[in-house]
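*Asks:* Have a look at this one.
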Amino acid sequence: MASVTRAAFGELPSGGGTVEKFQLQSDLLRVDIISWGCTITALEVKDRQGRASDVVLGFAELEGYLQKQPYFGPVIGRVANRIAKGTFKVDGKEYHLAINKEPNSLHGGVRGFDKVLWTPRVLSNGVQFSRVSPDGEEGYPGELKVWVTYTLDGGELVVNYRAQASQATPVNLTNHSYFNLAGQGSPNIYDHEVTIEADTYLPVDETLIPIGEVAPVQGTAFDLRKPVELGKHLQDFHLNGFDHNFCLKGSKEKHFCARVHHAASGRVLEVYTTQPGVQFYTGNFLDGTLKGKNGAVYPKHSGFCLETQNWPDAVNQPHFPPVLLRPGEEYDHTTWFKFSVA
């Protein structure tokens with residue numbers, strides 16, 4: 001069984017409210033989540049010697065999360081990833097979003113779901129956060145009611161996302177935690193062994209928008225169906241890193257997505273999801289300027305993200321999985337992060 005405790009984490013400036021921290025604990029995991037952005041701020045996992053380390057990048061204080069920072073641990077919405085040129089059409093009407101990552105709209109806009117205070121409700125084995133995204137928020141059509149639920153079951157952190165819309169709108173929710181299985185603050189992830197269960201991936205243009213092709217991974221740097229050691233793999237293929245969507249099974253059922261193994265500590269992370277894609281990102285934009293927990297700095301490639309999601313720019317690419325949520329329908333997706341030692 002998991003236990004849940006709640007405590008104040010910090011005060012938002014100019015009377016914006018109190019941010020609370022919820023600590024979920026099982027015999028195998030300890031997870032801290034705050035009500036600002038539904039952000040995972042710490043995740044402690046034991047190694048094969050039984051020593052616990054925090055394996056997510058982030059900050060010890062609220063101030064860290066309020067500064068400009070690269071989405072350490074929050075829920076991303078209304079639409080995760082990029083929308084080309086910040087425009088899309090729904091039922092013939094054109095919508096315009098803020099261009100917050102030239103020349104595109106990224107991760108829900110200037111003030112996405114990661115930069116708002118959510119309403120928490122404690123559960124027996126976790127916490128549920130909810131909010132109403134008003135009609136027109138960040139340029140998106142219709143009001144959206146959203147529920148994000150984190151529960152702990154042994155070595156498994158389960159994240160469920162639900163949403164209901166008052167009018168047709170794109171919806172794509174994910175969590176943007178950066179992991180380092182050697183422990184946060186370790187200099188890089190080159191000794192991590194990565195497997196991603198994907199036969200195809202989405203090639204992108206220079207602004208990281210998919211060009212529309214669904215390309216086979218066979219014979220390319222994107223073939224991660226068998227384990228590769230990340231550092232060597234990046235070197236062998238002369239890659240700056242990954243920031244790409246891998247196409248998973250099309251089923252709405254739970255399916256295996258990825259496995260990351262850190263041989264030195266024995267820690268293993270397996271990801272399962274109901275989503276059709278996962279953005280594998282290797283922290284290419286981290287530059288060591290931010291001070292994290294325990295004085296850690298986070299240089300390039302010091303953490304990785306496995307952002308389970310619909311495919312980027314799906315709202316503009318009709319042959320991608322459908323991303324529109326219509327009134328009367330429910331958006332309902334779940335991702336499982338399963339930790340163990342090997």
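Following the order of the structure tokens, first chain is A, next is B, and so on, with residues numbered from 1 inside each chain and ligands from 1 in the order they appear.
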What lies within 12 Å of Ile189 in chain A using only C-alpha atoms, ignoring chain neighbours under 2 positions off, as a ChimeraX atom specification?

*Replies:* /A:55,178-187,191-194,229-234,241,260-264,281-284,298-305

*Asks:* Env of Val19 in chain A: 9 Å cut, atoms = only C-alpha atoms, seq-sep filter 3 positions within chain, self excluded. Answer as JSON, numbers by chain.

*Replies:* {"A": [7, 8, 9, 10, 11, 12, 34, 35, 36, 62, 117, 118]}

*Asks:* Fewer than 3 positions away in the same chain doesn't count, so skip those; otherwise give me all residues within 9 Å of Leu224 in chain A, counting only C-alpha atoms, as a PyMOL selection string.

*Replies:* chain A and resi 194-199+217+221+227-228

*Asks:* Point out the residue among A:Val79, A:Ile211, A:Leu28, A:Leu152 with the least atom-to-atom distance to Gln317 in chain A, counting only C-alpha atoms.

*Replies:*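 Nearest to Gln317 in chain A: A:Ile211.
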
*Asks:* Within 6 Å of range 43-50 of chain A, counting only C-alpha atoms, which residues qualify if same-chain residues fewer than 2 places away don't, as a list in words?

*Replies:*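 In the requested format, the answer is Leu29, Arg30, Val31, Ala52, Ser53, Asp54, Val55, Val56, Ser265, Gly266, Arg267 and Val341 of chain A.
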
*Asks:* Would you mind listing what lies within 9 Å of His107 in chain A as a PyMOL selection string, with only C-alpha atoms counted and same-chain residues fewer than 2 positions away left out?

*Replies:* chain A and resi 76-83+100+105+109-110+112-114

*Asks:* Go ahead and write the residues just picked, N, CA and C atoms, as a PDB file, in the first residue's frame.

*Replies:*
```pdb
ATOM      1  N   ILE A  76       1.920  18.796 -19.212  1.00  0.00           N
ATOM      2  CA  ILE A  76       1.936  19.706 -20.356  1.00  0.00           C
ATOM      3  C   ILE A  76       0.580  19.669 -21.044  1.00  0.00           C
ATOM      4  N   GLY A  77       0.022  20.846 -21.343  1.00  0.00           N
ATOM      5  CA  GLY A  77      -1.255  20.944 -22.034  1.00  0.00           C
ATOM      6  C   GLY A  77      -1.546  22.401 -22.349  1.00  0.00           C
ATOM      7  N   ARG A  78      -2.578  22.705 -23.040  1.00  0.00           N
ATOM      8  CA  ARG A  78      -3.624  21.851 -23.570  1.00  0.00           C
ATOM      9  C   ARG A  78      -3.087  20.906 -24.641  1.00  0.00           C
ATOM     10  N   VAL A  79      -2.033  21.326 -25.360  1.00  0.00           N
ATOM     11  CA  VAL A  79      -1.448  20.437 -26.376  1.00  0.00           C
ATOM     12  C   VAL A  79       0.064  20.363 -26.171  1.00  0.00           C
ATOM     13  N   ALA A  80       0.536  19.168 -25.832  1.00  0.00           N
ATOM     14  CA  ALA A  80       1.966  18.935 -25.682  1.00  0.00           C
ATOM     15  C   ALA A  80       2.639  18.970 -27.057  1.00  0.00           C
ATOM     16  N   ASN A  81       3.918  19.310 -27.040  1.00  0.00           N
ATOM     17  CA  ASN A  81       4.768  19.337 -28.227  1.00  0.00           C
ATOM     18  C   ASN A  81       4.414  20.524 -29.134  1.00  0.00           C
ATOM     19  N   ARG A  82       4.812  20.422 -30.395  1.00  0.00           N
ATOM     20  CA  ARG A  82       4.760  21.597 -31.272  1.00  0.00           C
ATOM     21  C   ARG A  82       3.547  21.608 -32.194  1.00  0.00           C
ATOM     22  N   ILE A  83       3.030  22.822 -32.407  1.00  0.00           N
ATOM     23  CA  ILE A  83       2.004  23.058 -33.434  1.00  0.00           C
ATOM     24  C   ILE A  83       2.617  24.040 -34.426  1.00  0.00           C
ATOM     25  N   ASN A 100       5.727  30.658 -28.993  1.00  0.00           N
ATOM     26  CA  ASN A 100       6.644  30.721 -27.845  1.00  0.00           C
ATOM     27  C   ASN A 100       7.928  29.926 -28.064  1.00  0.00           C
ATOM     28  N   SER A 105       4.267  27.015 -31.913  1.00  0.00           N
ATOM     29  CA  SER A 105       3.746  27.027 -30.547  1.00  0.00           C
ATOM     30  C   SER A 105       4.161  25.727 -29.875  1.00  0.00           C
ATOM     31  N   GLY A 109       1.693  26.794 -24.968  1.00  0.00           N
ATOM     32  CA  GLY A 109       1.769  28.251 -25.069  1.00  0.00           C
ATOM     33  C   GLY A 109       2.561  28.907 -23.959  1.00  0.00           C
ATOM     34  N   VAL A 110       2.361  30.217 -23.825  1.00  0.00           N
ATOM     35  CA  VAL A 110       3.131  31.025 -22.882  1.00  0.00           C
ATOM     36  C   VAL A 110       2.830  30.611 -21.443  1.00  0.00           C
ATOM     37  N   GLY A 112       1.028  27.579 -20.184  1.00  0.00           N
ATOM     38  CA  GLY A 112       0.368  26.291 -20.372  1.00  0.00           C
ATOM     39  C   GLY A 112      -0.051  25.678 -19.043  1.00  0.00           C
ATOM     40  N   PHE A 113      -0.481  24.442 -19.085  1.00  0.00           N
ATOM     41  CA  PHE A 113      -0.956  23.745 -17.878  1.00  0.00           C
ATOM     42  C   PHE A 113       0.153  23.569 -16.838  1.00  0.00           C
ATOM     43  N   ASP A 114       1.408  23.734 -17.270  1.00  0.00           N
ATOM     44  CA  ASP A 114       2.550  23.618 -16.353  1.00  0.00           C
ATOM     45  C   ASP A 114       2.720  24.862 -15.486  1.00  0.00           C
TER      46      ASP A 114
END
```

*Asks:* Find, counting only C-alpha atoms, the residue in A:Arg162, A:Asn310, A:Gly219, A:Ser124 that gets nearest to His333 in chain A.

*Replies:*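 Checking each of A:Arg162, A:Asn310, A:Gly219, A:Ser124 against His333 in chain A, counting only C-alpha atoms, the winner is A:Arg162.
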
*Asks:* To one decimal in Å, tell me the separation between CA of Ala314 in chain A and CA of Lys101 in chain A.

*Replies:*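 Rounded to one decimal, the two atoms are 17.4 Å apart.
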
*Asks:* Per DSSP on the backbone, filter range 51-139 of chain A down to the residues in strand (DSSP E or B) and report them as number ranges by chain.

*Replies:* A: 52-54, 56, 75-76, 79, 82-83, 87-90, 93-96, 101, 104-106, 117, 119-123, 126-133

*Asks:* May I have the selected residues written with N, CA and C atoms, as an mmCIF file, in the first residue's frame?

*Replies:*
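Output (part.cif):
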```cif
data_model
loop_
_atom_site.group_PDB
_atom_site.id
_atom_site.type_symbol
_atom_site.label_atom_id
_atom_site.label_comp_id
_atom_site.auth_asym_id
_atom_site.auth_seq_id
_atom_site.Cartn_x
_atom_site.Cartn_y
_atom_site.Cartn_z
ATOM 1 N N ALA A 52 18.719 4.590 -1.840
ATOM 2 C CA ALA A 52 17.752 5.400 -2.586
ATOM 3 C C ALA A 52 18.407 6.645 -3.156
ATOM 4 N N SER A 53 18.075 6.956 -4.412
ATOM 5 C CA SER A 53 18.495 8.215 -5.019
ATOM 6 C C SER A 53 17.303 8.846 -5.715
ATOM 7 N N ASP A 54 17.335 10.174 -5.766
ATOM 8 C CA ASP A 54 16.321 10.937 -6.485
ATOM 9 C C ASP A 54 16.695 10.916 -7.964
ATOM 10 N N VAL A 56 14.891 12.284 -10.663
ATOM 11 C CA VAL A 56 14.343 13.307 -11.561
ATOM 12 C C VAL A 56 15.016 14.654 -11.326
ATOM 13 N N VAL A 75 2.908 18.564 -15.850
ATOM 14 C CA VAL A 75 1.952 18.161 -16.881
ATOM 15 C C VAL A 75 1.955 19.235 -17.962
ATOM 16 N N ILE A 76 1.920 18.796 -19.212
ATOM 17 C CA ILE A 76 1.936 19.706 -20.356
ATOM 18 C C ILE A 76 0.580 19.669 -21.044
ATOM 19 N N VAL A 79 -2.033 21.326 -25.360
ATOM 20 C CA VAL A 79 -1.448 20.437 -26.376
ATOM 21 C C VAL A 79 0.064 20.363 -26.171
ATOM 22 N N ARG A 82 4.812 20.422 -30.395
ATOM 23 C CA ARG A 82 4.760 21.597 -31.272
ATOM 24 C C ARG A 82 3.547 21.608 -32.194
ATOM 25 N N ILE A 83 3.030 22.822 -32.407
ATOM 26 C CA ILE A 83 2.004 23.058 -33.434
ATOM 27 C C ILE A 83 2.617 24.040 -34.426
ATOM 28 N N THR A 87 -0.739 27.766 -35.638
ATOM 29 C CA THR A 87 -2.094 27.895 -36.205
ATOM 30 C C THR A 87 -2.680 26.533 -36.529
ATOM 31 N N PHE A 88 -3.990 26.449 -36.442
ATOM 32 C CA PHE A 88 -4.699 25.240 -36.853
ATOM 33 C C PHE A 88 -6.152 25.599 -37.132
ATOM 34 N N LYS A 89 -6.847 24.702 -37.819
ATOM 35 C CA LYS A 89 -8.265 24.899 -38.114
ATOM 36 C C LYS A 89 -9.086 23.812 -37.446
ATOM 37 N N VAL A 90 -10.223 24.195 -36.881
ATOM 38 C CA VAL A 90 -11.196 23.230 -36.389
ATOM 39 C C VAL A 90 -12.532 23.569 -37.034
ATOM 40 N N LYS A 93 -12.775 26.864 -38.927
ATOM 41 C CA LYS A 93 -12.379 28.117 -38.264
ATOM 42 C C LYS A 93 -10.903 28.060 -37.890
ATOM 43 N N GLU A 94 -10.197 29.161 -38.162
ATOM 44 C CA GLU A 94 -8.760 29.187 -37.898
ATOM 45 C C GLU A 94 -8.477 29.747 -36.498
ATOM 46 N N TYR A 95 -7.543 29.106 -35.818
ATOM 47 C CA TYR A 95 -7.131 29.555 -34.482
ATOM 48 C C TYR A 95 -5.647 29.895 -34.496
ATOM 49 N N HIS A 96 -5.287 30.917 -33.684
ATOM 50 C CA HIS A 96 -3.896 31.375 -33.630
ATOM 51 C C HIS A 96 -3.396 31.320 -32.193
ATOM 52 N N LYS A 101 8.057 29.299 -29.237
ATOM 53 C CA LYS A 101 9.318 28.643 -29.604
ATOM 54 C C LYS A 101 9.425 28.824 -31.114
ATOM 55 N N ASN A 104 7.085 28.249 -33.921
ATOM 56 C CA ASN A 104 5.953 27.387 -33.597
ATOM 57 C C ASN A 104 5.396 27.665 -32.199
ATOM 58 N N SER A 105 4.267 27.015 -31.913
ATOM 59 C CA SER A 105 3.746 27.027 -30.547
ATOM 60 C C SER A 105 4.161 25.727 -29.875
ATOM 61 N N LEU A 106 4.708 25.836 -28.654
ATOM 62 C CA LEU A 106 5.230 24.662 -27.951
ATOM 63 C C LEU A 106 4.525 24.466 -26.610
ATOM 64 N N LEU A 117 -1.933 26.857 -11.063
ATOM 65 C CA LEU A 117 -2.185 26.153 -9.813
ATOM 66 C C LEU A 117 -3.396 25.242 -10.000
ATOM 67 N N THR A 119 -6.172 22.228 -8.480
ATOM 68 C CA THR A 119 -6.897 21.914 -7.240
ATOM 69 C C THR A 119 -6.687 20.447 -6.893
ATOM 70 N N PRO A 120 -6.105 20.175 -5.712
ATOM 71 C CA PRO A 120 -5.778 18.792 -5.357
ATOM 72 C C PRO A 120 -6.886 18.092 -4.567
ATOM 73 N N ARG A 121 -6.902 16.771 -4.676
ATOM 74 C CA ARG A 121 -7.778 15.938 -3.853
ATOM 75 C C ARG A 121 -6.981 14.695 -3.487
ATOM 76 N N VAL A 122 -6.818 14.462 -2.193
ATOM 77 C CA VAL A 122 -6.013 13.317 -1.749
ATOM 78 C C VAL A 122 -6.806 12.021 -1.899
ATOM 79 N N LEU A 123 -6.166 10.989 -2.447
ATOM 80 C CA LEU A 123 -6.761 9.656 -2.576
ATOM 81 C C LEU A 123 -6.024 8.718 -1.625
ATOM 82 N N GLY A 126 -2.770 8.059 -3.649
ATOM 83 C CA GLY A 126 -2.264 9.050 -4.591
ATOM 84 C C GLY A 126 -2.944 10.393 -4.443
ATOM 85 N N VAL A 127 -2.929 11.163 -5.527
ATOM 86 C CA VAL A 127 -3.538 12.495 -5.507
ATOM 87 C C VAL A 127 -4.110 12.795 -6.893
ATOM 88 N N GLN A 128 -5.273 13.433 -6.887
ATOM 89 C CA GLN A 128 -5.890 13.855 -8.149
ATOM 90 C C GLN A 128 -5.899 15.378 -8.204
ATOM 91 N N PHE A 129 -5.456 15.921 -9.332
ATOM 92 C CA PHE A 129 -5.481 17.369 -9.549
ATOM 93 C C PHE A 129 -6.518 17.681 -10.621
ATOM 94 N N SER A 130 -7.227 18.792 -10.438
ATOM 95 C CA SER A 130 -8.198 19.175 -11.471
ATOM 96 C C SER A 130 -8.135 20.667 -11.723
ATOM 97 N N ARG A 131 -8.595 21.050 -12.901
ATOM 98 C CA ARG A 131 -8.743 22.471 -13.203
ATOM 99 C C ARG A 131 -9.661 22.611 -14.402
ATOM 100 N N VAL A 132 -10.186 23.835 -14.577
ATOM 101 C CA VAL A 132 -10.962 24.163 -15.772
ATOM 102 C C VAL A 132 -10.149 25.156 -16.583
ATOM 103 N N SER A 133 -9.820 24.753 -17.791
ATOM 104 C CA SER A 133 -9.131 25.651 -18.716
ATOM 105 C C SER A 133 -10.207 26.434 -19.461
#
```
